[in-house]
$ cat data.txt   # compact mmCIF, C-alpha atoms and all ligand atoms
# COMPACT_ATOMS: atom_id res chain seq x y z
CA MET S 1 -5.90 9.75 15.52
CA SER S 2 -9.35 11.02 16.43
CA SER S 3 -12.14 8.82 17.73
CA LEU S 4 -14.12 9.31 14.55
CA PRO S 5 -14.82 6.03 12.79
CA LEU S 6 -12.64 5.11 9.86
CA ARG S 7 -14.61 5.64 6.67
CA VAL S 8 -14.47 2.44 4.61
CA LEU S 9 -15.31 2.01 0.94
CA ILE S 10 -15.79 -1.55 -0.30
CA VAL S 11 -14.84 -2.31 -3.90
CA GLU S 12 -16.11 -5.77 -4.71
CA ASP S 13 -18.13 -7.31 -7.52
CA HIS S 14 -19.75 -10.04 -5.44
CA SER S 15 -22.71 -8.73 -3.49
CA LEU S 16 -22.63 -11.62 -1.02
CA LEU S 17 -19.11 -10.66 0.00
CA ILE S 18 -20.13 -7.03 0.36
CA ASP S 19 -22.94 -8.11 2.67
CA GLY S 20 -20.52 -10.27 4.63
CA VAL S 21 -18.07 -7.42 5.19
CA ARG S 22 -20.87 -5.02 6.05
CA SER S 23 -22.22 -7.32 8.72
CA LEU S 24 -18.72 -8.02 10.03
CA LEU S 25 -18.12 -4.29 10.54
CA ALA S 26 -21.68 -3.35 11.52
CA ASP S 27 -21.18 -3.70 15.26
CA ARG S 28 -17.65 -2.29 15.25
CA PRO S 29 -17.86 1.44 15.88
CA ARG S 30 -14.27 1.98 14.72
CA TYR S 31 -15.42 1.47 11.15
CA GLU S 32 -18.15 3.02 9.10
CA VAL S 33 -18.88 1.53 5.69
CA VAL S 34 -19.67 4.60 3.62
CA GLY S 35 -20.27 2.81 0.35
CA ALA S 36 -19.78 -0.22 -1.84
CA VAL S 37 -19.05 -0.27 -5.57
CA SER S 38 -18.22 -3.06 -7.99
CA ASP S 39 -15.46 -1.80 -10.32
CA GLY S 40 -12.43 0.46 -10.54
CA LEU S 41 -14.02 3.41 -12.27
CA ALA S 42 -16.85 3.48 -9.76
CA ALA S 43 -14.22 3.24 -7.00
CA TYR S 44 -12.52 6.39 -8.26
CA GLU S 45 -15.81 8.27 -8.44
CA ALA S 46 -16.86 7.02 -5.02
CA CYS S 47 -13.57 8.22 -3.52
CA GLN S 48 -14.21 11.67 -4.94
CA GLN S 49 -17.72 11.78 -3.52
CA LEU S 50 -17.34 9.94 -0.23
CA ASN S 51 -13.76 10.74 0.78
CA PRO S 52 -13.08 7.38 2.46
CA ASP S 53 -10.08 6.80 4.76
CA LEU S 54 -9.70 3.22 3.65
CA VAL S 55 -10.63 1.19 0.59
CA LEU S 56 -11.18 -2.54 0.90
CA LEU S 57 -10.38 -3.66 -2.61
CA ASP S 58 -10.96 -6.87 -4.52
CA LEU S 59 -8.30 -7.48 -7.19
CA GLY S 60 -10.41 -9.49 -9.65
CA LEU S 61 -12.75 -6.78 -10.83
CA PRO S 62 -14.62 -6.32 -14.10
CA GLY S 63 -12.92 -3.84 -16.42
CA MET S 64 -9.83 -2.40 -14.80
CA ASP S 65 -7.55 -4.78 -12.90
CA GLY S 66 -7.28 -4.23 -9.16
CA ILE S 67 -3.54 -3.45 -9.33
CA ASP S 68 -4.25 -0.60 -11.74
CA VAL S 69 -7.01 0.60 -9.45
CA ILE S 70 -4.50 0.79 -6.57
CA HIS S 71 -2.11 2.82 -8.76
CA GLN S 72 -4.86 5.23 -9.75
CA LEU S 73 -6.31 5.74 -6.31
CA ARG S 74 -2.95 6.20 -4.61
CA ARG S 75 -1.73 8.59 -7.26
CA ARG S 76 -4.78 10.78 -6.72
CA TRP S 77 -5.07 10.27 -2.92
CA PRO S 78 -1.59 9.47 -1.56
CA ALA S 79 -2.83 9.12 2.04
CA LEU S 80 -5.60 6.66 1.16
CA ARG S 81 -5.16 3.28 2.82
CA VAL S 82 -5.79 0.38 0.47
CA VAL S 83 -6.45 -3.06 1.92
CA VAL S 84 -6.52 -5.77 -0.73
CA PHE S 85 -9.16 -8.45 -0.16
CA THR S 86 -8.70 -11.15 -2.75
CA ALA S 87 -8.85 -14.86 -3.48
CA SER S 88 -5.46 -14.67 -5.20
CA ASN S 89 -2.60 -16.11 -3.15
CA GLU S 90 -0.07 -15.77 -5.95
CA GLU S 91 3.21 -14.20 -4.99
CA HIS S 92 3.42 -11.85 -7.94
CA ARG S 93 -0.04 -10.43 -7.24
CA GLY S 94 0.87 -9.73 -3.65
CA ARG S 95 4.11 -8.06 -4.62
CA ALA S 96 2.43 -6.01 -7.34
CA ALA S 97 -0.29 -4.84 -4.95
CA LEU S 98 2.21 -3.76 -2.30
CA THR S 99 4.43 -2.08 -4.85
CA ALA S 100 1.43 -0.23 -6.23
CA GLY S 101 0.81 1.15 -2.76
CA ALA S 102 -1.51 -1.24 -0.95
CA LEU S 103 -0.93 -1.30 2.82
CA ALA S 104 -2.39 -4.70 3.52
CA TYR S 105 -3.15 -7.91 1.67
CA VAL S 106 -5.80 -10.36 2.90
CA LEU S 107 -7.09 -13.58 1.38
CA LYS S 108 -10.84 -14.06 1.20
CA GLN S 109 -10.46 -17.67 2.28
CA SER S 110 -8.84 -16.65 5.58
CA PRO S 111 -10.76 -16.35 8.87
CA GLN S 112 -12.48 -13.06 9.72
CA GLN S 113 -9.83 -12.31 12.32
CA VAL S 114 -7.27 -11.90 9.56
CA LEU S 115 -9.35 -9.26 7.83
CA LEU S 116 -9.94 -7.47 11.12
CA ALA S 117 -6.22 -7.57 11.91
CA ALA S 118 -5.43 -6.11 8.49
CA LEU S 119 -7.95 -3.30 8.99
CA GLN S 120 -6.54 -2.52 12.42
CA HIS S 121 -3.01 -2.34 11.05
CA ALA S 122 -4.05 -0.24 8.07
CA ALA S 123 -5.92 2.13 10.36
CA LEU S 124 -2.56 2.85 11.98
CA ASP S 125 -0.82 3.11 8.60
CA LYS S 126 0.92 -0.20 9.18
CA THR S 127 1.50 -2.96 6.69
CA TYR S 128 -0.21 -6.31 7.15
CA ILE S 129 0.27 -9.42 5.03
CA ASP S 130 -2.05 -12.41 5.39
CA PRO S 131 -0.02 -15.14 7.13
CA ALA S 132 -1.54 -17.69 4.73
CA LEU S 133 0.03 -16.01 1.74
CA LYS S 134 2.61 -18.22 0.05
CA LEU S 135 5.93 -18.50 1.82
CA GLU S 136 7.83 -16.92 -1.06
CA THR S 137 5.74 -13.81 -0.66
CA LEU S 138 6.39 -13.62 3.05
CA ASP S 139 10.09 -14.13 2.49
CA THR S 140 10.24 -11.37 -0.03
CA THR S 141 8.12 -8.98 1.96
CA GLU S 142 9.78 -9.66 5.28
CA ARG S 143 13.23 -9.38 3.82
CA THR S 144 12.42 -5.99 2.48
CA LEU S 145 10.16 -4.74 5.24
CA GLY S 146 11.79 -6.37 8.24
CA GLU S 147 15.53 -6.53 7.86
CA THR S 148 15.42 -3.58 5.51
CA PRO S 149 18.73 -4.14 3.79
CA LEU S 150 19.18 -0.44 3.23
CA THR S 151 22.09 1.58 4.48
CA LEU S 152 21.48 4.72 6.47
CA ARG S 153 22.54 6.78 3.46
CA GLU S 154 20.12 4.91 1.23
CA ARG S 155 17.30 5.58 3.68
CA GLN S 156 18.19 9.28 3.67
CA VAL S 157 18.13 9.33 -0.12
CA LEU S 158 14.87 7.38 -0.19
CA LYS S 159 13.24 9.88 2.15
CA LEU S 160 14.32 12.81 -0.02
CA VAL S 161 13.15 11.09 -3.19
CA ALA S 162 9.77 10.48 -1.53
CA GLU S 163 9.62 14.16 -0.65
CA GLY S 164 9.90 14.90 -4.34
CA ARG S 165 13.46 16.28 -4.30
CA ARG S 166 15.52 16.18 -7.45
CA ASN S 167 18.87 14.39 -7.53
CA ARG S 168 20.72 17.69 -7.67
CA ASP S 169 18.99 18.93 -4.49
CA ILE S 170 19.63 15.64 -2.73
CA ALA S 171 23.32 15.88 -3.55
CA GLU S 172 23.46 19.36 -2.09
CA LEU S 173 21.47 18.49 1.03
CA LEU S 174 23.61 15.46 1.84
CA SER S 175 26.89 17.04 0.64
CA ILE S 176 27.59 14.22 -1.78
CA SER S 177 28.16 14.20 -5.52
CA LEU S 178 25.36 13.95 -8.06
CA LYS S 179 26.94 10.73 -9.28
CA THR S 180 26.74 9.23 -5.78
CA VAL S 181 23.07 10.16 -5.50
CA GLU S 182 22.39 8.46 -8.80
CA THR S 183 24.19 5.34 -7.59
CA HIS S 184 22.20 5.27 -4.33
CA ARG S 185 19.02 5.71 -6.29
CA LEU S 186 19.82 2.84 -8.64
CA ASN S 187 20.70 0.62 -5.68
CA LEU S 188 17.41 1.50 -4.00
CA MET S 189 15.45 0.63 -7.11
CA ARG S 190 17.28 -2.67 -7.39
CA LYS S 191 16.90 -3.59 -3.71
CA LEU S 192 13.22 -2.63 -3.55
CA ASP S 193 12.36 -3.78 -7.04
CA ALA S 194 11.00 -0.30 -7.73
CA HIS S 195 10.83 1.13 -11.23
CA ASN S 196 10.19 4.81 -10.70
CA ALA S 197 10.00 7.58 -8.11
CA ALA S 198 6.35 6.81 -7.32
CA GLU S 199 7.20 3.24 -6.39
CA LEU S 200 10.16 4.42 -4.32
CA SER S 201 7.82 6.80 -2.49
CA ASN S 202 5.49 3.94 -1.71
CA TRP S 203 8.39 2.04 -0.21
CA ALA S 204 9.47 5.07 1.79
CA ARG S 205 6.03 5.20 3.34
CA ARG S 206 5.88 1.50 3.97
CA LEU S 207 9.35 1.35 5.50
CA GLY S 208 8.62 4.26 7.79
CA VAL S 209 11.46 6.27 6.29
CA LEU S 210 9.32 9.39 6.08
CA GLU S 211 9.11 9.55 9.87
CA PHE S 212 12.86 10.05 10.20
CA CA S 301 -14.01 -10.35 -7.96
$ encode --input "data.txt" --output "structure tokens"
Amino acid sequence: MSSLPLRVLIVEDHSLLIDGVRSLLADRPRYEVVGAVSDGLAAYEACQQLNPDLVLLDLGLPGMDGIDVIHQLRRRWPALRVVVFTASNEEHRGRAALTAGALAYVLKQSPQQVLLAALQHAALDKTYIDPALKLETLDTTERTLGETPLTLRERQVLKLVAEGRRNRDIAELLSISLKTVETHRLNLMRKLDAHNAAELSNWARRLGVLEF
């Protein structure tokens, strides 16, 4: 990574919070706040204009829900790092945000250090979950991210899916039958609670499978 500052876009509908984040990052040369907007549509436009490296995203936004914003941004800019900054400590929100492609999840009520830790992790393309998030969330996330209950073959298939390969190509590349590929794929979707190839790709990235 170069020594250029990480370009940060803030998406938040409370101006006091925007000011707080701005002042938190003001004397940290690693980060440059390139803009702040207050809803999902404006976030999309700002990404087009400002080309940020990282989006600090509130989930409770006017208009489009934050989870949908994550989907949209990551579909258009797959390398964009999304750090969720929210008051919501509900398990299903955390899971939905991570599945949609967020790299980190931070609660607004947590100390500043947590936000800074999340930004540092995200800058390195690493996942970070607020330790104050409900235990169930940590269990779920750690089980999937940490122990990674995937077989080597499943990880190979996941990588190829994330690369956009079709089942037929995967079968050929791994010298296994099409039927076996389909079975691996179904098992992956079940284990990761993913519903389509895009969600599997997000998991591949998060699990580091793409670096194989
Ligand atoms: Ca809000």
$ residues_near_ligand --input "data.txt" --ligand "ligand CA 301 (chain S)" --cutoff "12 Å" --atoms "all atoms listed in the file" --output "number ranges by chain"
S: 10-18, 37-40, 57-66, 84-88, 108
$ write_last_selection --input "data.txt" --atoms "C-alpha atoms" --output "CSV table (one decimal), keeping the file's coordinate frame"
chain,number,residue,atom,x,y,z
S,10,ILE,CA,-15.8,-1.6,-0.3
S,11,VAL,CA,-14.8,-2.3,-3.9
S,12,GLU,CA,-16.1,-5.8,-4.7
S,13,ASP,CA,-18.1,-7.3,-7.5
S,14,HIS,CA,-19.8,-10.0,-5.4
S,15,SER,CA,-22.7,-8.7,-3.5
S,16,LEU,CA,-22.6,-11.6,-1.0
S,17,LEU,CA,-19.1,-10.7,0.0
S,18,ILE,CA,-20.1,-7.0,0.4
S,37,VAL,CA,-19.0,-0.3,-5.6
S,38,SER,CA,-18.2,-3.1,-8.0
S,39,ASP,CA,-15.5,-1.8,-10.3
S,40,GLY,CA,-12.4,0.5,-10.5
S,57,LEU,CA,-10.4,-3.7,-2.6
S,58,ASP,CA,-11.0,-6.9,-4.5
S,59,LEU,CA,-8.3,-7.5,-7.2
S,60,GLY,CA,-10.4,-9.5,-9.6
S,61,LEU,CA,-12.8,-6.8,-10.8
S,62,PRO,CA,-14.6,-6.3,-14.1
S,63,GLY,CA,-12.9,-3.8,-16.4
S,64,MET,CA,-9.8,-2.4,-14.8
S,65,ASP,CA,-7.6,-4.8,-12.9
S,66,GLY,CA,-7.3,-4.2,-9.2
S,84,VAL,CA,-6.5,-5.8,-0.7
S,85,PHE,CA,-9.2,-8.4,-0.2
S,86,THR,CA,-8.7,-11.2,-2.8
S,87,ALA,CA,-8.8,-14.9,-3.5
S,88,SER,CA,-5.5,-14.7,-5.2
S,108,LYS,CA,-10.8,-14.1,1.2
$ atom_distance --input "data.txt" --atom1 "CA of Gln156 in chain S" --atom2 "CA of Gln120 in chain S"
28.8 Å
$ closest_atom_pairs --input "data.txt" --of "range 5-36 of chain S" --to "range 122-128 of chain S" --cutoff "12 Å" --atoms "all atoms listed in the file" --output "CSV"
residue,atom,partner,partner_atom,distance
S:Pro5,CA,S:Ala123,CA,10.0
S:Leu6,CA,S:Ala123,CA,7.4
S:Arg7,CA,S:Ala123,CA,10.1
S:Val8,CA,S:Ala123,CA,10.3
S:Arg30,CA,S:Ala123,CA,9.4
S:Tyr31,CA,S:Ala123,CA,9.6
$ atom_distance --input "data.txt" --atom1 "CA of Glu172 in chain S" --atom2 "CA of Pro78 in chain S"
26.9 Å
$ atom_distance --input "data.txt" --atom1 "CA of Leu133 in chain S" --atom2 "CA of Asn89 in chain S"
5.6 Å
$ residues_near_point --input "data.txt" --point "(10.7, 7.3, 3.0)" --cutoff "7 Å" --atoms "only C-alpha atoms" --output "PyMOL selection string"
chain S and resi 155+158-159+162+201+203-205+207-210
$ write_last_selection --input "data.txt" --atoms "C-alpha atoms" --output "short mmCIF file (atom, residue, chain, number, x, y, z; two decimals), keeping the file's coordinate frame"
data_model
loop_
_atom_site.label_atom_id
_atom_site.label_comp_id
_atom_site.auth_asym_id
_atom_site.auth_seq_id
_atom_site.Cartn_x
_atom_site.Cartn_y
_atom_site.Cartn_z
CA ARG S 155 17.30 5.58 3.68
CA LEU S 158 14.87 7.38 -0.19
CA LYS S 159 13.24 9.88 2.15
CA ALA S 162 9.77 10.48 -1.53
CA SER S 201 7.82 6.80 -2.49
CA TRP S 203 8.39 2.04 -0.21
CA ALA S 204 9.47 5.07 1.79
CA ARG S 205 6.03 5.20 3.34
CA LEU S 207 9.35 1.35 5.50
CA GLY S 208 8.62 4.26 7.79
CA VAL S 209 11.46 6.27 6.29
CA LEU S 210 9.32 9.39 6.08
#
$ closest_residue --input "data.txt" --among "S:His184, S:Asp27, S:Ala102, S:Gln48" --to "Leu150 in chain S" --atoms "all atoms listed in the file"
S:His184
$ closest_residue --input "data.txt" --among "S:Leu188, S:Cys47, S:Leu115, S:Leu173" --to "Asp130 in chain S" --atoms "all atoms listed in the file"
S:Leu115
$ residues_around --input "data.txt" --residues "Arg166 in chain S" --least-positions-apart "3" --cutoff "12 Å" --atoms "only C-alpha atoms" --output "MDAnalysis selection string"
chainID S and resid 157:163 169:173 178 181:182 185 197
$ residues_around --input "data.txt" --residues "range 96-98 of chain S" --least-positions-apart "5" --cutoff "8 Å" --atoms "only C-alpha atoms" --output "JSON, numbers by chain"
{"S": [67, 70, 84, 103, 104, 105]}
$ residues_near_point --input "data.txt" --point "(-6.9, 0.5, -0.4)" --cutoff "6 Å" --atoms "all atoms listed in the file" --output "ChimeraX atom specification"
/S:54-57,81-83,102
$ closest_residue --input "data.txt" --among "S:Ala198, S:Leu107, S:Ala36, S:Ala26" --to "Arg74 in chain S" --atoms "all atoms listed in the file"
S:Ala198
$ closest_residue --input "data.txt" --among "S:Leu50, S:Ala43, S:Leu192, S:Glu91" --to "Gln72 in chain S" --atoms "all atoms listed in the file"
S:Ala43
$ closest_residue --input "data.txt" --among "S:Ser177, S:Ala100, S:Arg168, S:Leu24" --to "Asn196 in chain S" --atoms "all atoms listed in the file"
S:Ala100
